[in-house]
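File shown: coords-v9.cif (mmCIF, C-alpha atoms and all ligand atoms).
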data_work
loop_
_atom_site.label_atom_id
_atom_site.label_comp_id
_atom_site.auth_asym_id
_atom_site.auth_seq_id
_atom_site.Cartn_x
_atom_site.Cartn_y
_atom_site.Cartn_z
CA MET A 1 -17.57 -56.65 -5.50
CA VAL A 2 -17.71 -60.44 -5.49
CA ASN A 3 -15.91 -61.99 -8.47
CA ARG A 4 -18.52 -64.22 -10.11
CA SER A 5 -16.33 -65.46 -12.90
CA GLY A 6 -16.81 -69.22 -13.27
CA ARG A 7 -18.34 -69.63 -9.83
CA LEU A 8 -21.68 -70.82 -11.13
CA SER A 9 -20.15 -73.08 -13.71
CA GLY A 10 -21.38 -76.63 -13.20
CA LYS A 11 -23.55 -75.60 -10.21
CA ARG A 12 -27.15 -76.68 -9.95
CA VAL A 13 -29.64 -73.83 -9.72
CA LEU A 14 -33.36 -74.12 -9.03
CA VAL A 15 -35.67 -71.16 -9.64
CA THR A 16 -39.20 -71.47 -8.28
CA GLY A 17 -41.49 -69.12 -10.18
CA GLY A 18 -38.84 -69.18 -12.91
CA ALA A 19 -41.28 -68.68 -15.79
CA GLY A 20 -42.14 -65.22 -14.41
CA MET A 21 -40.36 -61.92 -14.94
CA LEU A 22 -37.75 -61.97 -12.22
CA GLY A 23 -37.28 -65.74 -12.13
CA SER A 24 -36.67 -65.97 -15.87
CA ALA A 25 -34.11 -63.14 -15.68
CA ILE A 26 -32.24 -65.05 -12.96
CA ALA A 27 -32.52 -68.26 -15.00
CA HIS A 28 -31.04 -66.57 -18.10
CA LEU A 29 -28.15 -65.08 -16.13
CA ALA A 30 -27.36 -68.29 -14.23
CA HIS A 31 -27.50 -70.26 -17.48
CA ARG A 32 -25.18 -67.77 -19.18
CA GLU A 33 -22.73 -68.19 -16.30
CA GLY A 34 -22.61 -71.95 -16.76
CA ALA A 35 -25.14 -73.24 -14.22
CA THR A 36 -27.43 -76.20 -14.80
CA VAL A 37 -30.85 -74.61 -14.39
CA THR A 38 -34.14 -76.17 -13.29
CA ILE A 39 -37.39 -74.21 -13.17
CA LEU A 40 -40.38 -75.09 -11.02
CA ASP A 41 -43.43 -73.07 -12.01
CA ALA A 42 -47.16 -73.76 -11.72
CA LEU A 43 -48.07 -71.33 -14.55
CA LEU A 44 -51.09 -70.12 -12.55
CA PRO A 45 -53.16 -67.84 -14.82
CA LEU A 46 -53.17 -64.77 -12.54
CA TYR A 47 -49.41 -64.35 -12.55
CA GLY A 48 -46.61 -63.81 -15.02
CA GLY A 49 -45.58 -67.38 -15.85
CA ASN A 50 -45.00 -67.47 -19.60
CA LEU A 51 -43.00 -70.14 -21.41
CA PHE A 52 -41.96 -67.58 -24.01
CA ASN A 53 -39.87 -66.03 -21.21
CA LEU A 54 -37.69 -69.15 -21.36
CA SER A 55 -37.71 -69.74 -25.12
CA ASN A 56 -34.05 -68.67 -25.62
CA ILE A 57 -32.77 -71.27 -23.17
CA TRP A 58 -35.58 -73.83 -23.38
CA ASP A 59 -33.47 -76.65 -24.84
CA GLU A 60 -30.78 -76.27 -22.19
CA ILE A 61 -32.82 -76.12 -18.99
CA THR A 62 -35.19 -78.46 -17.17
CA PHE A 63 -38.72 -77.15 -16.79
CA VAL A 64 -41.04 -78.76 -14.24
CA GLN A 65 -44.62 -77.59 -14.22
CA GLY A 66 -45.57 -77.90 -10.58
CA ASP A 67 -46.75 -76.04 -7.52
CA ILE A 68 -44.67 -75.14 -4.44
CA ARG A 69 -47.68 -76.35 -2.40
CA ASP A 70 -47.13 -79.88 -3.77
CA ARG A 71 -44.64 -81.39 -1.35
CA VAL A 72 -43.89 -84.46 -3.48
CA ILE A 73 -42.75 -82.37 -6.44
CA VAL A 74 -40.89 -79.89 -4.24
CA ASP A 75 -38.93 -82.68 -2.50
CA ARG A 76 -37.91 -84.02 -5.88
CA VAL A 77 -36.78 -80.75 -7.45
CA VAL A 78 -34.80 -79.37 -4.49
CA THR A 79 -32.73 -82.54 -4.15
CA GLY A 80 -29.12 -81.96 -5.23
CA GLN A 81 -29.47 -78.20 -5.84
CA ASP A 82 -26.63 -75.83 -4.92
CA PHE A 83 -28.64 -72.59 -5.24
CA ILE A 84 -32.38 -72.14 -4.80
CA PHE A 85 -34.09 -68.89 -5.78
CA ASN A 86 -37.39 -69.06 -3.93
CA LEU A 87 -39.53 -66.71 -6.01
CA ALA A 88 -42.85 -68.47 -6.69
CA ALA A 89 -45.58 -66.38 -5.09
CA GLN A 90 -48.99 -64.87 -5.10
CA VAL A 91 -47.70 -61.49 -6.27
CA SER A 92 -50.66 -59.08 -6.13
CA TYR A 93 -51.16 -57.01 -2.96
CA VAL A 94 -54.64 -56.14 -4.26
CA ASP A 95 -55.67 -59.80 -4.55
CA SER A 96 -54.07 -60.62 -1.19
CA ASN A 97 -56.63 -58.38 0.50
CA SER A 98 -59.62 -59.79 -1.40
CA ASP A 99 -58.46 -63.44 -1.10
CA PRO A 100 -56.25 -63.71 2.00
CA GLN A 101 -56.57 -67.51 2.14
CA LEU A 102 -54.89 -67.89 -1.24
CA ASP A 103 -52.08 -65.64 -0.09
CA ILE A 104 -51.62 -67.77 3.05
CA ASP A 105 -51.69 -70.91 0.97
CA ILE A 106 -48.98 -69.89 -1.50
CA ASN A 107 -46.93 -67.29 0.38
CA CYS A 108 -46.87 -69.10 3.74
CA ARG A 109 -47.64 -72.81 3.26
CA GLY A 110 -45.88 -73.00 -0.11
CA ILE A 111 -42.81 -71.17 1.21
CA VAL A 112 -42.55 -73.46 4.25
CA ASN A 113 -42.83 -76.44 1.92
CA VAL A 114 -39.78 -75.30 -0.03
CA LEU A 115 -37.77 -74.58 3.13
CA ASP A 116 -38.68 -77.84 4.83
CA ALA A 117 -37.83 -79.77 1.68
CA CYS A 118 -34.44 -77.99 1.62
CA ARG A 119 -33.85 -78.92 5.27
CA GLN A 120 -34.31 -82.57 4.37
CA PHE A 121 -32.97 -82.86 0.83
CA ALA A 122 -30.71 -79.86 0.17
CA PRO A 123 -29.44 -78.77 3.59
CA ARG A 124 -26.40 -76.91 2.22
CA ALA A 125 -28.20 -75.16 -0.66
CA ARG A 126 -27.96 -71.39 -0.72
CA VAL A 127 -31.58 -70.15 -0.57
CA LEU A 128 -32.67 -66.64 -1.60
CA PHE A 129 -36.14 -65.27 -0.95
CA SER A 130 -37.88 -62.49 -2.90
CA SER A 131 -39.47 -60.32 -0.24
CA SER A 132 -40.97 -56.91 -0.91
CA ARG A 133 -40.95 -53.25 0.08
CA PHE A 134 -44.57 -53.91 1.09
CA VAL A 135 -43.32 -55.23 4.47
CA TYR A 136 -42.75 -51.57 5.39
CA GLY A 137 -46.23 -50.46 4.30
CA ARG A 138 -46.82 -46.85 5.31
CA ILE A 139 -43.47 -45.10 5.13
CA GLU A 140 -42.37 -42.85 7.99
CA SER A 141 -39.11 -41.46 6.58
CA ASN A 142 -36.89 -41.82 3.52
CA PRO A 143 -34.60 -43.34 2.48
CA VAL A 144 -35.94 -46.50 4.09
CA ASN A 145 -33.40 -48.75 5.76
CA GLU A 146 -33.95 -52.28 7.06
CA ASN A 147 -34.80 -51.02 10.57
CA HIS A 148 -37.87 -49.08 9.40
CA PRO A 149 -41.05 -50.20 11.25
CA PHE A 150 -43.36 -52.74 9.62
CA ASN A 151 -46.55 -50.75 8.96
CA CYS A 152 -47.97 -53.36 6.56
CA LEU A 153 -50.96 -52.15 4.52
CA SER A 154 -51.70 -55.46 2.81
CA ILE A 155 -52.02 -59.15 3.58
CA TYR A 156 -49.28 -59.63 0.96
CA GLY A 157 -46.91 -57.40 2.95
CA ILE A 158 -47.69 -59.28 6.16
CA HIS A 159 -47.03 -62.65 4.52
CA LYS A 160 -43.81 -61.47 2.86
CA LEU A 161 -42.65 -60.58 6.39
CA VAL A 162 -43.72 -64.04 7.56
CA GLY A 163 -41.79 -65.49 4.60
CA GLU A 164 -38.65 -63.65 5.74
CA LYS A 165 -39.16 -64.97 9.28
CA TYR A 166 -39.48 -68.53 7.97
CA HIS A 167 -36.24 -68.13 6.03
CA ARG A 168 -34.48 -66.71 9.08
CA PHE A 169 -35.87 -69.52 11.25
CA PHE A 170 -34.52 -72.24 8.95
CA PHE A 171 -31.13 -70.50 9.10
CA GLU A 172 -31.14 -70.25 12.92
CA ALA A 173 -32.61 -73.67 13.63
CA TYR A 174 -31.02 -75.81 10.91
CA GLY A 175 -28.17 -73.76 9.49
CA LEU A 176 -29.83 -73.51 6.05
CA PRO A 177 -28.04 -70.50 4.47
CA THR A 178 -31.01 -68.30 3.56
CA THR A 179 -31.13 -64.59 2.64
CA SER A 180 -34.16 -62.36 2.04
CA LEU A 181 -34.19 -59.44 -0.39
CA ARG A 182 -36.84 -56.73 -0.05
CA ILE A 183 -37.46 -55.71 -3.64
CA SER A 184 -38.69 -52.19 -4.46
CA ASN A 185 -40.56 -51.50 -7.75
CA PRO A 186 -39.30 -53.84 -10.47
CA TYR A 187 -39.97 -53.38 -14.18
CA GLY A 188 -38.56 -54.61 -17.45
CA PRO A 189 -38.89 -57.25 -20.16
CA ARG A 190 -40.84 -60.49 -19.59
CA GLN A 191 -43.32 -59.17 -17.05
CA GLN A 192 -46.95 -60.13 -17.60
CA MET A 193 -48.97 -57.41 -19.36
CA LYS A 194 -52.43 -58.91 -18.70
CA HIS A 195 -53.36 -56.70 -15.75
CA GLY A 196 -52.06 -53.84 -13.63
CA LYS A 197 -52.39 -55.47 -10.21
CA TYR A 198 -48.61 -55.37 -9.84
CA GLY A 199 -45.85 -53.91 -11.92
CA ILE A 200 -47.40 -50.52 -12.64
CA THR A 201 -44.51 -49.35 -14.86
CA ASN A 202 -45.02 -52.23 -17.28
CA TRP A 203 -48.77 -51.78 -17.15
CA PHE A 204 -48.38 -48.13 -18.13
CA ILE A 205 -46.10 -49.20 -20.99
CA ARG A 206 -48.89 -51.43 -22.22
CA GLN A 207 -51.43 -48.62 -21.92
CA ALA A 208 -49.18 -46.31 -23.91
CA MET A 209 -48.53 -48.94 -26.58
CA ASP A 210 -52.29 -49.55 -26.84
CA GLY A 211 -52.80 -45.82 -27.44
CA ASN A 212 -54.51 -45.17 -24.09
CA PRO A 213 -53.82 -42.13 -21.89
CA LEU A 214 -51.69 -42.66 -18.75
CA THR A 215 -53.81 -41.71 -15.73
CA VAL A 216 -51.90 -40.34 -12.76
CA PHE A 217 -53.67 -39.96 -9.41
CA GLY A 218 -53.17 -36.62 -7.64
CA GLU A 219 -50.06 -34.63 -8.43
CA GLY A 220 -47.96 -37.68 -9.20
CA VAL A 221 -45.18 -36.45 -6.94
CA GLN A 222 -44.96 -39.65 -4.87
CA LYS A 223 -41.52 -41.18 -5.22
CA ARG A 224 -40.79 -44.77 -6.09
CA ASP A 225 -37.60 -46.73 -6.35
CA TYR A 226 -37.82 -48.30 -9.81
CA ILE A 227 -35.37 -51.10 -10.48
CA TYR A 228 -34.67 -52.73 -13.81
CA VAL A 229 -35.05 -56.50 -13.86
CA ASP A 230 -31.51 -57.27 -15.07
CA ASP A 231 -30.08 -55.28 -12.15
CA LEU A 232 -32.27 -57.34 -9.83
CA ALA A 233 -31.14 -60.64 -11.31
CA ASP A 234 -27.53 -59.52 -11.03
CA ALA A 235 -28.03 -58.66 -7.35
CA PHE A 236 -29.60 -62.06 -6.63
CA LEU A 237 -26.56 -63.85 -8.06
CA VAL A 238 -24.09 -61.57 -6.25
CA VAL A 239 -25.84 -62.20 -2.92
CA ALA A 240 -26.05 -65.94 -3.59
CA LEU A 241 -22.27 -65.99 -4.06
CA THR A 242 -21.57 -63.98 -0.90
CA PRO A 243 -21.70 -66.51 1.96
CA GLN A 244 -21.63 -63.90 4.75
CA THR A 245 -25.06 -62.65 3.65
CA ALA A 246 -26.62 -65.88 5.00
CA GLY A 247 -29.20 -65.22 7.71
CA GLU A 248 -29.57 -61.57 6.65
CA THR A 249 -32.24 -59.40 5.04
CA TYR A 250 -31.44 -56.58 2.61
CA ASN A 251 -33.28 -53.88 0.73
CA LEU A 252 -32.88 -54.32 -3.00
CA GLY A 253 -33.66 -51.31 -5.15
CA SER A 254 -31.94 -48.69 -7.26
CA GLY A 255 -31.45 -46.43 -4.25
CA GLN A 256 -32.89 -43.57 -6.37
CA GLY A 257 -36.31 -41.97 -5.98
CA SER A 258 -38.21 -40.95 -9.10
CA SER A 259 -41.63 -39.36 -9.05
CA PHE A 260 -44.57 -41.22 -10.51
CA LEU A 261 -44.98 -38.39 -12.99
CA GLU A 262 -41.34 -38.71 -14.11
CA MET A 263 -41.80 -42.44 -14.72
CA THR A 264 -44.98 -41.72 -16.68
CA HIS A 265 -43.42 -38.99 -18.82
CA THR A 266 -40.42 -41.24 -19.54
CA ILE A 267 -42.82 -43.84 -20.95
CA ALA A 268 -44.66 -41.16 -22.93
CA ALA A 269 -41.33 -40.01 -24.40
CA ASN A 270 -40.69 -43.55 -25.64
CA VAL A 271 -44.16 -44.15 -27.08
CA LYS A 272 -45.00 -41.24 -29.36
CA GLY A 273 -48.43 -39.65 -29.01
CA THR A 274 -49.02 -40.81 -25.40
CA GLU A 275 -51.15 -38.45 -23.31
CA VAL A 276 -50.49 -38.13 -19.54
CA ARG A 277 -53.69 -37.29 -17.64
CA GLN A 278 -53.85 -36.25 -13.96
CA VAL A 279 -57.02 -37.00 -11.94
CA GLU A 280 -58.05 -36.93 -8.24
CA TRP A 281 -57.16 -39.88 -5.99
CA PRO A 282 -59.99 -42.46 -5.77
CA LYS A 283 -60.75 -43.08 -2.07
CA ASP A 284 -60.22 -46.88 -2.12
CA ARG A 285 -56.75 -46.50 -3.64
CA TYR A 286 -55.59 -43.82 -1.26
CA PHE A 287 -55.69 -46.29 1.66
CA VAL A 288 -52.99 -48.54 0.23
CA GLU A 289 -50.80 -45.65 -0.94
CA THR A 290 -47.61 -46.02 1.10
CA GLY A 291 -46.23 -42.52 0.60
CA ASP A 292 -42.80 -41.97 -0.94
CA TYR A 293 -40.52 -44.99 -1.02
CA VAL A 294 -36.81 -44.83 -1.69
CA ALA A 295 -34.69 -47.78 -0.60
CA ASP A 296 -31.52 -47.28 1.39
CA ILE A 297 -29.36 -49.96 -0.24
CA GLY A 298 -26.27 -49.21 1.83
CA LYS A 299 -26.40 -52.47 3.78
CA LEU A 300 -26.45 -54.53 0.57
CA GLN A 301 -23.70 -52.45 -1.04
CA THR A 302 -21.45 -52.74 2.00
CA ALA A 303 -21.93 -56.51 2.18
CA THR A 304 -21.50 -57.26 -1.53
CA GLY A 305 -20.26 -54.21 -3.47
CA TRP A 306 -23.23 -54.61 -5.84
CA GLN A 307 -24.33 -51.53 -7.82
CA PRO A 308 -27.36 -51.08 -10.05
CA SER A 309 -26.34 -50.02 -13.54
CA VAL A 310 -29.47 -49.29 -15.59
CA SER A 311 -31.08 -45.84 -15.36
CA LEU A 312 -34.87 -45.43 -15.45
CA GLN A 313 -34.58 -43.79 -18.88
CA ASP A 314 -32.54 -46.66 -20.35
CA GLY A 315 -34.59 -49.33 -18.63
CA ILE A 316 -37.90 -47.98 -19.94
CA ALA A 317 -36.47 -47.60 -23.46
CA ARG A 318 -35.25 -51.23 -23.40
CA THR A 319 -38.58 -52.46 -22.04
CA VAL A 320 -40.62 -50.67 -24.72
CA GLU A 321 -38.29 -52.08 -27.36
CA TYR A 322 -38.72 -55.63 -25.99
CA TYR A 323 -42.52 -55.48 -26.13
CA ARG A 324 -42.47 -53.94 -29.60
CA LEU A 325 -40.59 -57.03 -30.73
CA HIS A 326 -42.55 -59.62 -28.75
CA GLN A 327 -45.98 -58.09 -28.16
CA GLU A 328 -47.94 -61.13 -29.38
CA HIS A 329 -46.58 -63.25 -26.52
CA TYR A 330 -47.78 -60.89 -23.78
CA TRP A 331 -50.97 -59.10 -24.85
N1 LIG A 401 -43.41 -57.66 -9.43
C1 LIG A 401 -43.32 -56.93 -8.31
O1 LIG A 401 -43.80 -55.80 -8.27
C2 LIG A 401 -42.59 -57.49 -7.10
C3 LIG A 401 -42.16 -56.61 -6.11
C4 LIG A 401 -41.52 -57.13 -4.98
C5 LIG A 401 -41.34 -58.50 -4.86
N2 LIG A 401 -41.78 -59.33 -5.85
C6 LIG A 401 -41.60 -60.76 -5.67
O2 LIG A 401 -40.70 -61.26 -6.65
C7 LIG A 401 -41.07 -62.60 -6.99
C8 LIG A 401 -41.17 -62.74 -8.48
O3 LIG A 401 -42.21 -61.89 -8.94
P1 LIG A 401 -42.35 -61.48 -10.47
O4 LIG A 401 -42.45 -60.01 -10.51
O5 LIG A 401 -41.33 -62.18 -11.29
O6 LIG A 401 -43.82 -62.03 -10.76
P2 LIG A 401 -44.34 -63.04 -11.89
O7 LIG A 401 -45.81 -63.11 -11.76
O8 LIG A 401 -43.77 -62.64 -13.20
O9 LIG A 401 -43.70 -64.41 -11.45
C9 LIG A 401 -44.21 -65.21 -10.42
C10 LIG A 401 -44.14 -66.66 -10.90
O10 LIG A 401 -44.50 -67.53 -9.82
C11 LIG A 401 -45.29 -68.56 -10.36
N3 LIG A 401 -46.13 -69.10 -9.28
C12 LIG A 401 -47.11 -68.46 -8.59
N4 LIG A 401 -47.61 -69.28 -7.66
C13 LIG A 401 -46.95 -70.46 -7.76
C14 LIG A 401 -47.01 -71.68 -7.05
N5 LIG A 401 -47.91 -71.85 -6.07
N6 LIG A 401 -46.15 -72.68 -7.38
C15 LIG A 401 -45.27 -72.52 -8.40
N7 LIG A 401 -45.18 -71.37 -9.12
C16 LIG A 401 -46.01 -70.35 -8.79
C17 LIG A 401 -46.11 -67.90 -11.44
O11 LIG A 401 -46.62 -68.84 -12.39
C18 LIG A 401 -45.10 -66.95 -12.05
O12 LIG A 401 -44.39 -67.54 -13.12
C19 LIG A 401 -42.35 -62.91 -6.22
O13 LIG A 401 -41.98 -63.60 -5.03
C20 LIG A 401 -42.88 -61.54 -5.88
O14 LIG A 401 -43.70 -61.57 -4.72
C21 LIG A 401 -42.38 -58.86 -6.98
#
Show me the file's structure as structure tokens.
Ligand SMILES: NC(=O)c1ccc[n+]([C@@H]2O[C@H](COP(=O)([O-])OP(=O)(O)OC[C@H]3O[C@@H](n4cnc5c(N)ncnc54)[C@H](O)[C@@H]3O)[C@@H](O)[C@H]2O)c1
Amino acid sequence: MVNRSGRLSGKRVLVTGGAGMLGSAIAHLAHREGATVTILDALLPLYGGNLFNLSNIWDEITFVQGDIRDRVIVDRVVTGQDFIFNLAAQVSYVDSNSDPQLDIDINCRGIVNVLDACRQFAPRARVLFSSSRFVYGRIESNPVNENHPFNCLSIYGIHKLVGEKYHRFFFEAYGLPTTSLRISNPYGPRQQMKHGKYGITNWFIRQAMDGNPLTVFGEGVQKRDYIYVDDLADAFLVVALTPQTAGETYNLGSGQGSSFLEMTHTIAANVKGTEVRQVEWPKDRYFVETGDYVADIGKLQTATGWQPSVSLQDGIARTVEYYRLHQEHYW
């Protein structure tokens, strides 16, 4: 496992989308390890940008409210950075299908903006991209390794794949050290709780805390690879500090499959009085159901020695506790 001790101290770290769930977790960790952190976030209303996510470190970071599609701002903020976590995105696969142009605009044009700005103004910066399991779409066999076919079932999945290709291209063509991480099902503190278009675990936590039943489609046996946000942030930093991962793409998940029903019952166990209700699959939702997904994280573990450390039971308990304390900032 890469020894991180002191290696971020004094380094300049930019997190695009850093007011969101994953970006703010990376920002907290990088700050704790001594980095000088800048956040670029547009705080678009549909996504999880929330300044409360940064309140603990607010006085010690630089926050720039701006859009990755705005080349002038992007040129300015990437200049002089050592590490760039390229996370800002249109995050909802549901919305990507109803508004594909917006997905192109942010997840393709915006991403190229960041990369092209890096080529010009931060050519040695280590760049990490948050891709998604949705590049695989319909799953053919589990666990899923990086050679699984791309059976994308959403515009979002297609554009995440395009995003990976852009990152790889800037590595091949210009030597920009980029790495893409295909994230499975993240959950944890600081995710938006306004809608359930992404982040179903957190959305179910909200439903339970609001006293609503948790509705499971079908038998609820489909497996997901749920990964706690602090494990994700840890993996991003480990990869960033492992130079030989440049030019590569890795699955990033817990490596464990848990059924939807297990996730739901774990929430119910943490929020007393929660009812779990099973109903038939609605037809429109069945189309985008990918089948079981369990990430094979062997490639990442071999390259970096990284291990996830938070179980689904612990992670859900911590998440419920966080929202009990800070509900007014998310509801
Ligand atoms: N949440 C998931 O289920 C999931 C799964 C796989 C991959 N990812 C990826 O991880 C990354 C982080 O997602 P998250 O879960 O933290 O979501 P989030 O909604 O909490 O964070 C996304 C952040 O990006 C910002 N943003 C959106 N468009 C922007 C733009 N044009 N310019 C600047 N900022 C913009 C938002 O304001 C928000 O703060 C995204 O790239 C997402 O696609 C998320």
In Å, with one decimal, what is the gap from atom CA of A:Arg124 to atom CA of A:Gly175?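 Taking atom CA of A:Arg124 and atom CA of A:Gly175, their separation equals 8.1 Å.
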Can you report as JSON the centre and edge lengths in Å, to one decimal, of an axis-aligned box around the listed atoms of ligand LIG 401 (chain A) padded with 4 Å on each side?
{"center_x": -44.3, "center_y": -64.2, "center_z": -9.0, "size_x": 15.2, "size_y": 24.9, "size_z": 16.5}
Selection near stretch 209-218 of chain A, 7 Å with only C-alpha atoms, sequence-local residues under 4 positions removed, as an MDAnalysis selection string: chainID A and resid 204:205 271 274:281
Atoms kept (C-alpha atoms) for selection, written as an mmCIF file, keeping the file's coordinate frame:
data_model
loop_
_atom_site.group_PDB
_atom_site.id
_atom_site.type_symbol
_atom_site.label_atom_id
_atom_site.label_comp_id
_atom_site.auth_asym_id
_atom_site.auth_seq_id
_atom_site.Cartn_x
_atom_site.Cartn_y
_atom_site.Cartn_z
ATOM 1 C CA PHE A 204 -48.380 -48.130 -18.130
ATOM 2 C CA ILE A 205 -46.100 -49.200 -20.990
ATOM 3 C CA VAL A 271 -44.160 -44.150 -27.080
ATOM 4 C CA THR A 274 -49.020 -40.810 -25.400
ATOM 5 C CA GLU A 275 -51.150 -38.450 -23.310
ATOM 6 C CA VAL A 276 -50.490 -38.130 -19.540
ATOM 7 C CA ARG A 277 -53.690 -37.290 -17.640
ATOM 8 C CA GLN A 278 -53.850 -36.250 -13.960
ATOM 9 C CA VAL A 279 -57.020 -37.000 -11.940
ATOM 10 C CA GLU A 280 -58.050 -36.930 -8.240
ATOM 11 C CA TRP A 281 -57.160 -39.880 -5.990
#
Any idea what's packed within 8 Å of A:Ser154, counting all atoms listed in the file, ignoring anything in its chain fewer than 3 positions away? Could you give it as number ranges by chain? A: 93-94, 96-97, 134, 137, 157-158, 288
Contact table stretch 46-83 of chain A vs stretch 190-196 of chain A, cut-off 10 Å, shortest pair per residue, only C-alpha atoms, as a Markdown table:
| residue | atom | partner | partner_atom | distance |
| --- | --- | --- | --- | --- |
| A:Leu46 | CA | A:Lys194 | CA | 8.5 |
| A:Tyr47 | CA | A:Gln192 | CA | 7.0 |
| A:Gly48 | CA | A:Gln192 | CA | 4.5 |
| A:Gly49 | CA | A:Gln192 | CA | 7.6 |
| A:Asn50 | CA | A:Gln192 | CA | 7.9 |
| A:Phe52 | CA | A:Arg190 | CA | 8.4 |
| A:Asn53 | CA | A:Arg190 | CA | 5.9 |
| A:Leu54 | CA | A:Arg190 | CA | 9.4 |
Expected file contents, prior selection, C-alpha atoms, as a compact mmCIF listing (two decimals), keeping the file's coordinate frame:
# COMPACT_ATOMS: atom_id res chain seq x y z
CA LEU A 46 -53.17 -64.77 -12.54
CA TYR A 47 -49.41 -64.35 -12.55
CA GLY A 48 -46.61 -63.81 -15.02
CA GLY A 49 -45.58 -67.38 -15.85
CA ASN A 50 -45.00 -67.47 -19.60
CA PHE A 52 -41.96 -67.58 -24.01
CA ASN A 53 -39.87 -66.03 -21.21
CA LEU A 54 -37.69 -69.15 -21.36
Excluding stretch 242-251 of chain A and any residue of its chain fewer than 4 positions from it, enumerate the residues within 6 Å of it, using all atoms listed in the file, and give them as a PyMOL selection string. chain A and resi 168+171+177-182+297+300
Interface rows for chain A against ligand LIG 401 (chain A): nearest pair, Å to one decimal, 8 Å, only C-alpha atoms and all ligand atoms, as CSV:
residue,atom,partner,partner_atom,distance
A:Thr16,CA,A:LIG401,N7,6.0
A:Gly17,CA,A:LIG401,O10,3.4
A:Gly18,CA,A:LIG401,O12,5.8
A:Ala19,CA,A:LIG401,O12,4.3
A:Gly20,CA,A:LIG401,O8,3.3
A:Met21,CA,A:LIG401,O5,3.8
A:Leu22,CA,A:LIG401,O5,3.7
A:Gly23,CA,A:LIG401,O5,5.5
A:Ser24,CA,A:LIG401,O5,7.6
A:Leu40,CA,A:LIG401,C15,6.1
A:Asp41,CA,A:LIG401,N7,3.8
A:Ala42,CA,A:LIG401,C15,4.0
A:Leu43,CA,A:LIG401,O11,3.6
A:Leu44,CA,A:LIG401,O11,4.7
A:Pro45,CA,A:LIG401,O11,7.0
A:Leu46,CA,A:LIG401,O7,7.6
A:Tyr47,CA,A:LIG401,O7,3.9
A:Gly48,CA,A:LIG401,O7,3.4
A:Gly49,CA,A:LIG401,O12,3.0
A:Asn50,CA,A:LIG401,O12,6.5
A:Gln65,CA,A:LIG401,C15,7.7
A:Gly66,CA,A:LIG401,C15,5.8
A:Asp67,CA,A:LIG401,N6,3.4
A:Ile68,CA,A:LIG401,N6,4.1
A:Arg69,CA,A:LIG401,N5,5.8
A:Asn86,CA,A:LIG401,O13,7.2
A:Leu87,CA,A:LIG401,O13,4.1
A:Ala88,CA,A:LIG401,O10,3.7
A:Ala89,CA,A:LIG401,C12,4.3
A:Gln90,CA,A:LIG401,N4,5.3
A:Val91,CA,A:LIG401,O14,4.3
A:Ser92,CA,A:LIG401,O14,7.5
A:Ile106,CA,A:LIG401,N5,5.1
A:Asn107,CA,A:LIG401,N5,8.0
A:Gly110,CA,A:LIG401,N5,6.4
A:Phe129,CA,A:LIG401,O13,7.3
A:Ser130,CA,A:LIG401,O13,4.8
A:Ser131,CA,A:LIG401,C5,5.3
A:Ser132,CA,A:LIG401,C4,4.1
A:Arg133,CA,A:LIG401,C4,6.4
A:Phe134,CA,A:LIG401,C4,7.5
A:Lys160,CA,A:LIG401,O14,7.6
A:Arg182,CA,A:LIG401,C4,6.8
A:Ile183,CA,A:LIG401,C4,4.5
A:Ser184,CA,A:LIG401,C4,5.7
A:Asn185,CA,A:LIG401,O1,5.4
A:Pro186,CA,A:LIG401,O1,5.4
A:Tyr187,CA,A:LIG401,N1,7.3
A:Arg190,CA,A:LIG401,O8,7.4
A:Gln191,CA,A:LIG401,O8,5.2
A:Gln192,CA,A:LIG401,O8,6.0
A:Tyr198,CA,A:LIG401,O1,5.1
A:Gly199,CA,A:LIG401,O1,4.6
A:Ile200,CA,A:LIG401,O1,7.7
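When all atoms listed in the file are used to compute distances to A:Ala268, the closest of the residues A:Val320, A:Val78, A:Leu8, A:Leu102 turns out to be A:Val320.
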From A:Thr264, A:Ser141, A:Asn202, A:Asn147, residue lying nearest A:Tyr322 [all atoms listed in the file]: A:Asn202
At most 9 Å from (-22.9, -76.4, -16.8), file frame, all atoms listed in the file: which residues, as a list in words?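 Here is the list of nearby residues: Leu8, Ser9, Gly10, Lys11, Arg12, His31, Glu33, Gly34, Ala35, Thr36 and Val37 of chain A.
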